[in-house]
$ cat work15.csv   # CSV, C-alpha atoms and all ligand atoms
chain,number,residue,atom,x,y,z
A,27,MET,CA,186.7,297.3,-37.9
A,28,ARG,CA,187.5,294.8,-35.1
A,29,ASP,CA,185.7,297.1,-32.7
A,30,ARG,CA,182.7,297.4,-34.9
A,31,ILE,CA,182.0,293.8,-35.7
A,32,GLY,CA,184.0,291.9,-33.1
A,33,ARG,CA,187.3,290.1,-33.5
A,34,ALA,CA,185.9,286.7,-34.5
A,35,ALA,CA,183.8,288.0,-37.3
A,36,HIS,CA,186.6,290.4,-38.4
A,37,ASP,CA,189.1,287.5,-38.6
A,38,TYR,CA,186.6,285.3,-40.4
A,39,PHE,CA,186.1,288.0,-43.1
A,40,ALA,CA,189.6,289.2,-43.3
A,41,GLY,CA,191.5,286.0,-42.9
A,42,GLY,CA,192.8,283.4,-45.3
A,43,ALA,CA,194.2,279.9,-45.4
A,44,GLY,CA,197.4,279.0,-43.6
A,45,ALA,CA,200.0,281.7,-43.2
A,46,GLU,CA,198.0,283.9,-45.7
A,47,ILE,CA,200.8,284.0,-48.3
A,48,THR,CA,198.2,283.7,-51.1
A,49,LEU,CA,195.9,286.2,-49.4
A,50,ARG,CA,198.7,288.8,-49.4
A,51,ASP,CA,199.8,288.0,-52.9
A,52,ASN,CA,196.3,288.4,-54.4
A,53,HIS,CA,196.5,292.2,-54.4
A,54,ALA,CA,200.3,292.4,-54.7
A,55,ALA,CA,200.0,290.4,-58.0
A,56,TRP,CA,197.9,293.1,-59.6
A,57,ASN,CA,200.5,295.7,-58.5
A,58,ARG,CA,203.3,293.7,-60.2
A,59,ILE,CA,201.6,294.2,-63.6
A,60,ALA,CA,202.8,297.4,-65.1
A,61,LEU,CA,200.5,299.4,-67.5
A,62,ALA,CA,201.7,301.0,-70.7
A,63,PRO,CA,199.4,303.9,-71.6
A,64,ARG,CA,198.7,305.3,-75.0
A,65,VAL,CA,198.3,309.0,-75.5
A,66,LEU,CA,196.5,311.5,-77.8
A,67,ARG,CA,193.6,309.3,-78.6
A,68,GLY,CA,190.5,311.6,-78.0
A,69,VAL,CA,189.1,309.9,-74.9
A,70,GLY,CA,186.5,312.6,-73.9
A,71,GLU,CA,183.5,310.3,-74.6
A,72,ARG,CA,183.7,307.1,-72.8
A,73,ASP,CA,181.5,304.1,-71.9
A,74,THR,CA,182.3,301.5,-69.3
A,75,ALA,CA,179.7,299.0,-70.5
A,76,VAL,CA,180.5,295.4,-71.3
A,77,THR,CA,178.6,292.2,-72.4
A,78,LEU,CA,178.5,289.4,-69.8
A,79,LEU,CA,176.8,286.1,-70.5
A,80,GLY,CA,175.2,287.8,-73.5
A,81,GLU,CA,173.7,290.7,-71.5
A,82,ARG,CA,174.8,294.3,-71.7
A,83,ARG,CA,176.0,295.6,-68.3
A,84,ARG,CA,176.9,299.1,-67.2
A,85,HIS,CA,180.5,298.1,-66.2
A,86,PRO,CA,182.5,294.9,-65.7
A,87,VAL,CA,182.3,294.7,-61.9
A,88,LEU,CA,180.2,292.2,-59.9
A,89,VAL,CA,179.9,291.6,-56.1
A,90,ALA,CA,181.5,288.2,-55.2
A,91,PRO,CA,179.5,285.7,-53.3
A,92,MET,CA,180.3,286.0,-49.6
A,93,ALA,CA,178.7,284.1,-46.7
A,94,TYR,CA,177.2,285.4,-43.5
A,95,GLN,CA,176.9,289.1,-44.4
A,96,ARG,CA,174.7,289.8,-41.3
A,97,HIS,CA,177.9,289.3,-39.3
A,98,ALA,CA,179.3,292.4,-41.1
A,99,HIS,CA,176.1,294.6,-40.8
A,100,ASP,CA,172.6,294.2,-39.4
A,101,GLU,CA,171.0,294.4,-42.8
A,102,GLY,CA,173.5,292.0,-44.3
A,103,GLU,CA,172.8,290.9,-47.9
A,104,LEU,CA,169.8,293.3,-48.2
A,105,ALA,CA,172.1,296.3,-47.7
A,106,MET,CA,174.7,294.7,-50.0
A,107,ALA,CA,172.0,294.3,-52.7
A,108,ARG,CA,170.8,297.9,-52.3
A,109,GLY,CA,174.3,299.2,-52.6
A,110,ALA,CA,175.0,297.0,-55.6
A,111,ALA,CA,171.7,297.9,-57.4
A,112,ALA,CA,172.4,301.6,-56.9
A,113,THR,CA,175.5,301.3,-59.0
A,114,GLY,CA,174.2,298.8,-61.6
A,115,THR,CA,176.5,296.1,-60.1
A,116,PRO,CA,175.3,292.5,-60.4
A,117,MET,CA,175.4,290.6,-57.1
A,118,ILE,CA,176.3,287.0,-56.7
A,119,LEU,CA,174.4,285.7,-53.7
A,120,SER,CA,176.2,283.1,-51.5
A,121,SER,CA,174.6,279.7,-50.7
A,122,GLN,CA,175.4,280.7,-47.1
A,123,THR,CA,173.2,283.8,-47.3
A,124,THR,CA,171.7,285.1,-44.0
A,125,THR,CA,168.9,286.7,-46.0
A,126,ALA,CA,166.3,284.9,-48.1
A,127,PRO,CA,167.1,284.8,-51.8
A,128,ALA,CA,163.6,286.2,-52.6
A,129,ASP,CA,164.2,289.3,-50.5
A,130,VAL,CA,167.6,289.9,-52.0
A,131,ALA,CA,166.0,289.5,-55.5
A,132,ARG,CA,163.5,292.2,-54.6
A,133,ALA,CA,166.2,294.6,-53.3
A,134,MET,CA,168.1,294.1,-56.6
A,135,GLY,CA,165.1,295.2,-58.6
A,136,GLU,CA,166.1,295.5,-62.3
A,137,THR,CA,169.8,294.7,-61.6
A,138,ALA,CA,171.0,291.2,-62.4
A,139,ARG,CA,171.7,288.7,-59.6
A,140,TRP,CA,173.4,285.4,-59.9
A,141,MET,CA,173.2,282.5,-57.4
A,142,GLN,CA,176.3,280.8,-56.0
A,143,LEU,CA,175.9,277.1,-55.4
A,144,TYR,CA,177.8,274.9,-53.0
A,145,VAL,CA,177.2,271.2,-53.7
A,146,PHE,CA,176.7,269.5,-50.3
A,147,ARG,CA,176.8,265.8,-49.5
A,148,ASP,CA,173.1,266.3,-48.8
A,149,ARG,CA,172.0,267.1,-52.3
A,150,ALA,CA,168.5,268.2,-51.2
A,151,LEU,CA,170.1,271.2,-49.6
A,152,SER,CA,171.8,272.2,-52.8
A,153,PHE,CA,168.6,271.7,-54.8
A,154,GLU,CA,166.8,274.1,-52.4
A,155,ILE,CA,169.3,276.7,-53.5
A,156,VAL,CA,168.7,275.9,-57.2
A,157,GLU,CA,165.0,276.2,-56.6
A,158,ALA,CA,165.4,279.6,-54.9
A,159,ALA,CA,167.5,280.8,-57.8
A,160,ARG,CA,164.8,279.9,-60.3
A,161,GLU,CA,162.0,281.5,-58.2
A,162,GLY,CA,164.0,284.6,-57.5
A,163,GLY,CA,164.8,285.3,-61.2
A,164,TYR,CA,168.5,284.7,-60.7
A,165,GLU,CA,170.2,284.8,-64.1
A,166,ALA,CA,173.1,282.3,-63.7
A,167,LEU,CA,174.2,279.5,-61.4
A,168,VAL,CA,177.7,280.0,-60.1
A,169,ILE,CA,178.9,276.6,-58.9
A,170,THR,CA,181.9,276.9,-56.6
A,171,VAL,CA,184.4,274.1,-57.5
A,172,ASP,CA,187.3,274.9,-55.2
A,173,PHE,CA,185.7,273.7,-52.0
A,174,PRO,CA,185.9,269.9,-51.6
A,175,LEU,CA,186.5,270.8,-48.0
A,176,GLY,CA,187.2,274.0,-46.0
A,177,GLY,CA,190.8,275.3,-46.2
A,178,ARG,CA,192.6,275.5,-42.9
A,179,ARG,CA,192.5,279.1,-41.8
A,180,ASP,CA,194.9,279.8,-39.0
A,181,ARG,CA,193.5,283.2,-38.1
A,182,GLU,CA,189.8,282.0,-38.1
A,183,ILE,CA,190.7,279.0,-35.9
A,184,ALA,CA,192.6,281.2,-33.4
A,185,SER,CA,189.6,283.6,-33.1
A,186,GLY,CA,186.9,280.9,-33.0
A,187,PHE,CA,184.3,282.3,-35.4
A,188,THR,CA,180.9,280.6,-35.1
A,189,ALA,CA,178.1,281.7,-37.3
A,190,THR,CA,175.2,282.8,-35.1
A,191,HIS,CA,173.0,284.5,-37.7
A,192,PRO,CA,170.8,281.7,-39.3
A,193,THR,CA,171.3,281.1,-42.9
A,194,PHE,CA,168.6,280.5,-45.5
A,195,LEU,CA,169.5,276.8,-45.6
A,196,ASN,CA,170.0,276.1,-41.9
A,197,HIS,CA,166.6,277.4,-40.9
A,198,GLY,CA,167.8,278.9,-37.6
A,199,GLU,CA,170.5,276.4,-36.7
A,200,ASN,CA,173.9,277.8,-35.7
A,201,LEU,CA,176.9,276.5,-37.4
A,202,SER,CA,180.3,275.7,-36.0
A,203,PRO,CA,183.3,275.8,-38.3
A,204,ASP,CA,183.4,272.0,-38.2
A,205,VAL,CA,179.9,271.7,-39.6
A,206,ARG,CA,180.4,274.5,-42.1
A,207,HIS,CA,183.5,272.9,-43.5
A,208,THR,CA,182.4,269.3,-43.7
A,209,ARG,CA,179.0,269.5,-45.3
A,210,HIS,CA,180.6,270.0,-48.7
A,211,ASP,CA,180.8,266.9,-51.0
A,212,PRO,CA,184.5,266.1,-51.5
A,213,ASP,CA,183.5,263.5,-54.1
A,214,LEU,CA,182.1,266.0,-56.6
A,215,THR,CA,183.4,265.5,-60.2
A,216,TRP,CA,182.9,267.0,-63.6
A,217,ASP,CA,179.9,264.7,-64.2
A,218,ASP,CA,177.9,266.4,-61.4
A,219,ILE,CA,178.0,269.7,-63.2
A,220,ALA,CA,175.5,268.7,-65.9
A,221,VAL,CA,172.9,267.6,-63.3
A,222,PHE,CA,172.8,271.1,-61.8
A,223,ALA,CA,172.9,272.8,-65.2
A,224,GLU,CA,169.9,270.8,-66.2
A,225,ALA,CA,168.0,271.2,-62.9
A,226,SER,CA,168.4,275.0,-62.9
A,227,ALA,CA,168.0,275.6,-66.7
A,228,LEU,CA,170.4,278.5,-66.1
A,229,PRO,CA,173.7,279.3,-67.6
A,230,VAL,CA,176.4,277.7,-65.4
A,231,VAL,CA,179.5,279.6,-64.3
A,232,LEU,CA,182.3,277.5,-62.6
A,233,LYS,CA,184.0,279.5,-59.8
A,234,GLY,CA,187.5,278.5,-58.6
A,235,ILE,CA,189.4,277.6,-61.7
A,236,LEU,CA,193.1,278.3,-61.7
A,237,HIS,CA,194.6,275.7,-64.1
A,238,PRO,CA,194.3,276.1,-67.9
A,239,ALA,CA,193.7,272.4,-68.2
A,240,ASP,CA,190.6,272.7,-65.9
A,241,ALA,CA,189.5,275.7,-68.0
A,242,GLU,CA,189.4,273.5,-71.0
A,243,LEU,CA,187.4,270.8,-69.1
A,244,ALA,CA,185.0,273.6,-67.9
A,245,VAL,CA,184.3,274.6,-71.5
A,246,GLN,CA,183.8,270.9,-72.5
A,247,ALA,CA,181.4,270.5,-69.5
A,248,GLY,CA,179.3,273.3,-71.1
A,249,ALA,CA,180.1,276.2,-68.7
A,250,ALA,CA,178.9,279.5,-70.0
A,251,GLY,CA,181.6,281.2,-67.9
A,252,LEU,CA,184.3,280.6,-65.3
A,253,VAL,CA,185.8,282.6,-62.5
A,254,VAL,CA,189.6,282.4,-62.1
A,255,SER,CA,189.7,282.5,-58.3
A,256,ASN,CA,191.6,281.2,-55.3
A,257,HIS,CA,188.6,281.9,-53.1
A,258,GLY,CA,190.2,285.0,-51.7
A,259,GLY,CA,193.2,283.1,-50.5
A,260,ARG,CA,190.9,281.1,-48.1
A,261,GLN,CA,191.4,277.6,-49.4
A,262,LEU,CA,194.9,276.4,-50.1
A,263,ASP,CA,197.8,278.7,-49.1
A,264,THR,CA,200.6,279.4,-51.6
A,265,VAL,CA,198.4,278.8,-54.7
A,266,VAL,CA,198.7,281.2,-57.6
A,267,SER,CA,196.8,284.5,-57.5
A,268,GLY,CA,193.9,285.2,-59.8
A,269,ALA,CA,195.9,288.0,-61.5
A,270,ASP,CA,198.7,285.6,-62.4
A,271,ALA,CA,196.5,282.7,-63.3
A,272,LEU,CA,194.3,284.7,-65.6
A,273,ALA,CA,196.1,285.0,-68.9
A,274,PRO,CA,196.9,281.3,-69.4
A,275,VAL,CA,193.2,280.5,-68.6
A,276,ILE,CA,192.0,283.1,-71.1
A,277,ASP,CA,194.3,281.6,-73.8
A,278,ALA,CA,192.9,278.1,-73.0
A,279,VAL,CA,189.3,279.2,-73.2
A,280,ASP,CA,189.9,281.1,-76.4
A,281,GLY,CA,186.5,282.9,-76.4
A,282,ARG,CA,184.4,279.8,-75.9
A,283,ALA,CA,183.1,281.0,-72.5
A,284,ASP,CA,183.2,284.2,-70.5
A,285,VAL,CA,186.1,284.5,-68.1
A,286,LEU,CA,185.9,286.4,-64.9
A,287,VAL,CA,188.5,286.8,-62.2
A,288,ASP,CA,188.7,287.7,-58.5
A,289,GLY,CA,191.1,288.1,-55.6
A,290,GLY,CA,192.5,291.4,-54.3
A,291,VAL,CA,190.7,293.7,-56.7
A,292,ARG,CA,190.4,297.1,-54.9
A,293,ARG,CA,191.4,299.7,-57.5
A,294,GLY,CA,190.1,300.8,-60.9
A,295,TRP,CA,193.4,299.9,-62.5
A,296,ASP,CA,193.1,296.4,-61.1
A,297,VAL,CA,189.9,296.1,-63.1
A,298,ALA,CA,191.5,297.6,-66.2
A,299,LYS,CA,194.4,295.1,-66.0
A,300,ALA,CA,192.0,292.2,-65.8
A,301,ILE,CA,190.0,293.4,-68.8
A,302,ALA,CA,193.3,294.2,-70.7
A,303,LEU,CA,194.4,290.6,-70.2
A,304,GLY,CA,191.1,289.5,-71.7
A,305,ALA,CA,188.7,289.0,-68.8
A,306,ASN,CA,185.0,289.8,-69.4
A,307,GLY,CA,184.4,290.8,-65.8
A,308,VAL,CA,185.8,291.1,-62.3
A,309,LEU,CA,184.4,290.1,-58.9
A,310,VAL,CA,185.0,292.2,-55.8
A,311,GLY,CA,184.8,290.4,-52.4
A,312,ARG,CA,186.2,291.9,-49.2
A,313,HIS,CA,186.4,295.5,-50.7
A,314,ALA,CA,182.6,295.5,-51.0
A,315,LEU,CA,182.2,293.7,-47.6
A,316,TRP,CA,184.2,296.4,-45.8
A,317,GLY,CA,182.0,299.0,-47.4
A,318,LEU,CA,179.0,297.1,-46.0
A,319,ALA,CA,180.5,296.8,-42.6
A,320,ARG,CA,181.4,300.5,-42.5
A,321,GLY,CA,178.2,302.0,-43.9
A,322,GLY,CA,175.5,299.5,-44.9
A,323,ALA,CA,174.0,300.1,-48.3
A,324,GLU,CA,175.5,303.5,-48.6
A,325,GLY,CA,178.9,302.1,-47.8
A,326,VAL,CA,178.6,299.5,-50.5
A,327,GLU,CA,177.4,302.1,-53.0
A,328,ARG,CA,180.3,304.4,-52.2
A,329,VAL,CA,182.9,301.7,-52.6
A,330,LEU,CA,181.5,300.4,-55.9
A,331,SER,CA,180.9,303.8,-57.4
A,332,ASP,CA,184.4,304.9,-56.6
A,333,LEU,CA,185.8,301.7,-58.1
A,334,VAL,CA,183.8,302.1,-61.3
A,335,ASP,CA,184.7,305.8,-61.5
A,336,GLU,CA,188.3,304.9,-61.1
A,337,PHE,CA,188.0,302.3,-63.8
A,338,ASP,CA,186.5,304.9,-66.1
A,339,SER,CA,189.3,307.4,-65.5
A,340,THR,CA,191.9,304.5,-65.9
A,341,LEU,CA,190.4,303.9,-69.4
A,342,ALA,CA,191.0,307.6,-70.3
A,343,LEU,CA,194.5,307.6,-68.9
A,344,LEU,CA,195.3,304.4,-70.9
A,345,GLY,CA,194.0,306.1,-74.1
A,346,CYS,CA,190.8,304.0,-74.3
A,347,ARG,CA,187.1,305.0,-74.7
A,348,THR,CA,185.6,301.6,-73.9
A,349,PRO,CA,186.7,298.4,-72.2
A,350,ASP,CA,186.8,296.7,-75.7
A,351,GLU,CA,189.7,299.0,-76.5
A,352,LEU,CA,191.8,297.6,-73.6
A,353,SER,CA,194.3,294.9,-74.8
A,354,ARG,CA,197.5,293.2,-73.8
A,355,ASP,CA,199.2,296.1,-75.6
A,356,HIS,CA,198.5,298.1,-72.5
A,357,ILE,CA,200.5,295.8,-70.4
A,358,LEU,CA,204.3,296.3,-70.5
A,359,THR,CA,205.6,293.9,-67.8
A,360,ALA,CA,204.0,290.9,-66.2
A,361,PRO,CA,205.9,288.1,-64.5
A,362,TRP,CA,204.8,285.5,-67.0
A,363,ALA,CA,205.2,287.6,-70.1
B,1,LIG,N1,183.0,282.2,-52.3
B,1,LIG,C1,181.9,281.4,-52.6
B,1,LIG,O1,181.9,280.8,-53.7
B,1,LIG,N2,180.9,281.2,-51.7
B,1,LIG,C2,180.9,281.7,-50.5
B,1,LIG,O2,180.0,281.5,-49.7
B,1,LIG,C3,182.0,282.6,-50.1
B,1,LIG,N3,182.1,283.2,-48.9
B,1,LIG,C4,183.1,284.0,-48.6
B,1,LIG,C5,183.1,284.7,-47.4
B,1,LIG,C6,184.1,285.6,-47.1
B,1,LIG,C7,184.1,286.3,-45.8
B,1,LIG,C8,185.1,285.9,-48.1
B,1,LIG,C9,186.1,287.0,-47.8
B,1,LIG,C10,185.1,285.3,-49.3
B,1,LIG,C11,184.1,284.3,-49.6
B,1,LIG,N4,184.1,283.6,-50.8
B,1,LIG,C12,183.0,282.8,-51.1
B,1,LIG,C13,185.1,283.9,-51.8
B,1,LIG,C14,184.6,285.2,-52.7
B,1,LIG,O3,183.5,284.9,-53.5
B,1,LIG,C15,185.8,285.6,-53.6
B,1,LIG,O4,186.3,284.6,-54.4
B,1,LIG,C16,186.9,286.3,-52.9
B,1,LIG,O5,186.5,287.0,-51.7
B,1,LIG,C17,187.6,287.3,-53.8
B,1,LIG,O6,188.7,287.9,-53.1
B,1,LIG,P1,188.7,289.3,-52.4
B,1,LIG,O7,188.0,289.2,-51.2
B,1,LIG,O8,190.2,289.6,-52.3
B,1,LIG,O9,188.0,290.3,-53.4

$ encode --input "work15.csv" --output "structure tokens" --more "lines below"
Ligand code: FMN
Amino acid sequence: MRDRIGRAAHDYFAGGAGAEITLRDNHAAWNRIALAPRVLRGVGERDTAVTLLGERRRHPVLVAPMAYQRHAHDEGELAMARGAAATGTPMILSSQTTTAPADVARAMGETARWMQLYVFRDRALSFEIVEAAREGGYEALVITVDFPLGGRRDREIASGFTATHPTFLNHGENLSPDVRHTRHDPDLTWDDIAVFAEASALPVVLKGILHPADAELAVQAGAAGLVVSNHGGRQLDTVVSGADALAPVIDAVDGRADVLVDGGVRRGWDVAKAIALGANGVLVGRHALWGLARGGAEGVERVLSDLVDEFDSTLALLGCRTPDELSRDHILTAPWA
């Protein structure tokens, strides 16, 4: 992959904060959860569909928002959108998209797209994103709340990644890591959330919640959903994984909002564990990105359809016909149990 996209881009995509302890733990944490299957339950007829933010979806997988996708493949977000749409997978478009939101919306066709929002010191930039979300028929606003400033990423610093593909917001300007990481508003508080909820008139999902007390505040702030996430291990090293943070957050939310999770999801059984713990959906980041880098839209389609197929067969092997039948009874050991 380094040869294909160059070392700096590779290390930007693959890398995490600090010594990458959290990055490595994100997938390992799913593996630490042991499944307990049930047998003889007549699982010949199955359906992977779930309800997310009140809408029926073919399966619980979404593509996570990821910046600068043209650094992974020439067709960037357009190819990601085509691959996602081919598998009925909603895509969350990054604020740092290198493709116009309207073009991504067209490529998604009938499949849902959500818009990710970074709140910058320059509020006008953030409102441009909100406007683009409204115009492009994006169905939710995913406000990322774990980025008061950019985490210190040793590998990215060593390789010196500079974004050279213009983003929608930068109108052709190239961005050094310094600029990319200091535009964010470190003074953002819970009070700001309502402003964007009102301006967008869209359901708001808060991405980057790890603490159950913050989950409670998210519900009180009117969030329709939240994403349990450590930003793919890219912000603060040694924080808890999504997999381990999930159950306490689900218990705190207690059905008052949808709960999604991400970090290290690569296999169908990772998805099943998230749903068994009580999540409504799962975001896939780098796994989809490597599909894009390897094979454009077809690469994305292959990765996502394999993941959903593997989720479907995991259902059967656990003795379930639908995601609704998954429960904590299917989990035997978990570090926090
Ligand atoms: N999260 C955001 O909210 N906005 C972004 O623009 C964004 N850009 C990312 C760029 C890259 C290269 C990566 C790997 C992640 C990015 N994330 C961003 C975090 C992802 O949305 C997601 O939380 C994370 O990648 C999930 O972990 P995984 O890659 O192990 O699946």

$ closest_residue --input "work15.csv" --among "A:Thr123, A:Thr48, A:Gln142, A:Ser331" --to "A:Ala269" --atoms "only C-alpha atoms"
A:Thr48

$ residues_around --input "work15.csv" --residues "A:Arg82" --least-positions-apart "4" --cutoff "12 Å" --atoms "only C-alpha atoms" --output "MDAnalysis selection string"
chainID A and resid 73:78 86 114:116 137:138 306:307

$ residues_near_ligand --input "work15.csv" --ligand "ligand LIG 1 (chain B)" --cutoff "7 Å" --atoms "only C-alpha atoms and all ligand atoms" --output "list in words"
Tyr38, Phe39, Ala40, Asn52, Ala90, Pro91, Met92, Ala93, Ser120, Ser121, Gln122, Gln142, Thr170, Lys233, Ser255, Asn256, His257, Gly258, Asp288, Gly289, Gly290, Val291, Leu309, Val310, Gly311, Arg312 and His313 of chain A

$ write_last_selection --input "work15.csv" --atoms "C-alpha atoms" --output "compact mmCIF listing (two decimals), in the frame of the given file"
# COMPACT_ATOMS: atom_id res chain seq x y z
CA TYR A 38 186.60 285.30 -40.40
CA PHE A 39 186.10 288.00 -43.10
CA ALA A 40 189.60 289.20 -43.30
CA ASN A 52 196.30 288.40 -54.40
CA ALA A 90 181.50 288.20 -55.20
CA PRO A 91 179.50 285.70 -53.30
CA MET A 92 180.30 286.00 -49.60
CA ALA A 93 178.70 284.10 -46.70
CA SER A 120 176.20 283.10 -51.50
CA SER A 121 174.60 279.70 -50.70
CA GLN A 122 175.40 280.70 -47.10
CA GLN A 142 176.30 280.80 -56.00
CA THR A 170 181.90 276.90 -56.60
CA LYS A 233 184.00 279.50 -59.80
CA SER A 255 189.70 282.50 -58.30
CA ASN A 256 191.60 281.20 -55.30
CA HIS A 257 188.60 281.90 -53.10
CA GLY A 258 190.20 285.00 -51.70
CA ASP A 288 188.70 287.70 -58.50
CA GLY A 289 191.10 288.10 -55.60
CA GLY A 290 192.50 291.40 -54.30
CA VAL A 291 190.70 293.70 -56.70
CA LEU A 309 184.40 290.10 -58.90
CA VAL A 310 185.00 292.20 -55.80
CA GLY A 311 184.80 290.40 -52.40
CA ARG A 312 186.20 291.90 -49.20
CA HIS A 313 186.40 295.50 -50.70

$ residues_around --input "work15.csv" --residues "A:Arg139" --least-positions-apart "2" --cutoff "6 Å" --atoms "all atoms listed in the file" --output "list in words"
Pro116, Met117, Ile118 and Tyr164 of chain A

$ residues_around --input "work15.csv" --residues "A:Gly248" --least-positions-apart "5" --cutoff "10 Å" --atoms "all atoms listed in the file" --output "MDAnalysis selection string"
chainID A and resid 219:220 223 229:232 243 282:283

$ closest_residue --input "work15.csv" --among "A:Glu157, A:Glu165, A:Glu46, A:Leu104" --to "A:Glu81" --atoms "all atoms listed in the file"
A:Glu165

$ closest_residue --input "work15.csv" --among "A:Pro192, A:Pro238, A:Gly268, A:Pro349" --to "A:Gly102" --atoms "only C-alpha atoms"
A:Pro192

$ closest_residue --input "work15.csv" --among "A:Phe187, A:Leu344, A:Thr359, A:Leu167" --to "A:Gly68" --atoms "all atoms listed in the file"
A:Leu344

$ closest_residue --input "work15.csv" --among "A:Leu341, A:Leu315, A:Ala300, A:Ala112" --to "A:Val69" --atoms "all atoms listed in the file"
A:Leu341

$ atom_distance --input "work15.csv" --atom1 "atom CA of A:Arg30" --atom2 "atom CA of A:Ala133"
24.9 Å

$ atom_distance --input "work15.csv" --atom1 "atom CA of A:Ile301" --atom2 "atom CA of A:Ala250"
17.8 Å

$ closest_residue --input "work15.csv" --among "A:Arg328, A:Val156, A:Arg354, A:Ala273" --to "A:Phe222" --atoms "only C-alpha atoms"
A:Val156

$ residues_around --input "work15.csv" --residues "A:Gly345" --least-positions-apart "4" --cutoff "10 Å" --atoms "all atoms listed in the file" --output "number ranges by chain"
A: 62-70, 339-341, 351-352, 356

$ residues_around --input "work15.csv" --residues "A:Asp172" --least-positions-apart "2" --cutoff "12 Å" --atoms "all atoms listed in the file" --output "ChimeraX atom specification"
/A:143-145,168-170,174-177,210-212,214-215,232-237,240,252-262,265

$ atom_distance --input "work15.csv" --atom1 "atom CA of A:Ala298" --atom2 "atom CA of A:Leu272"
13.2 Å
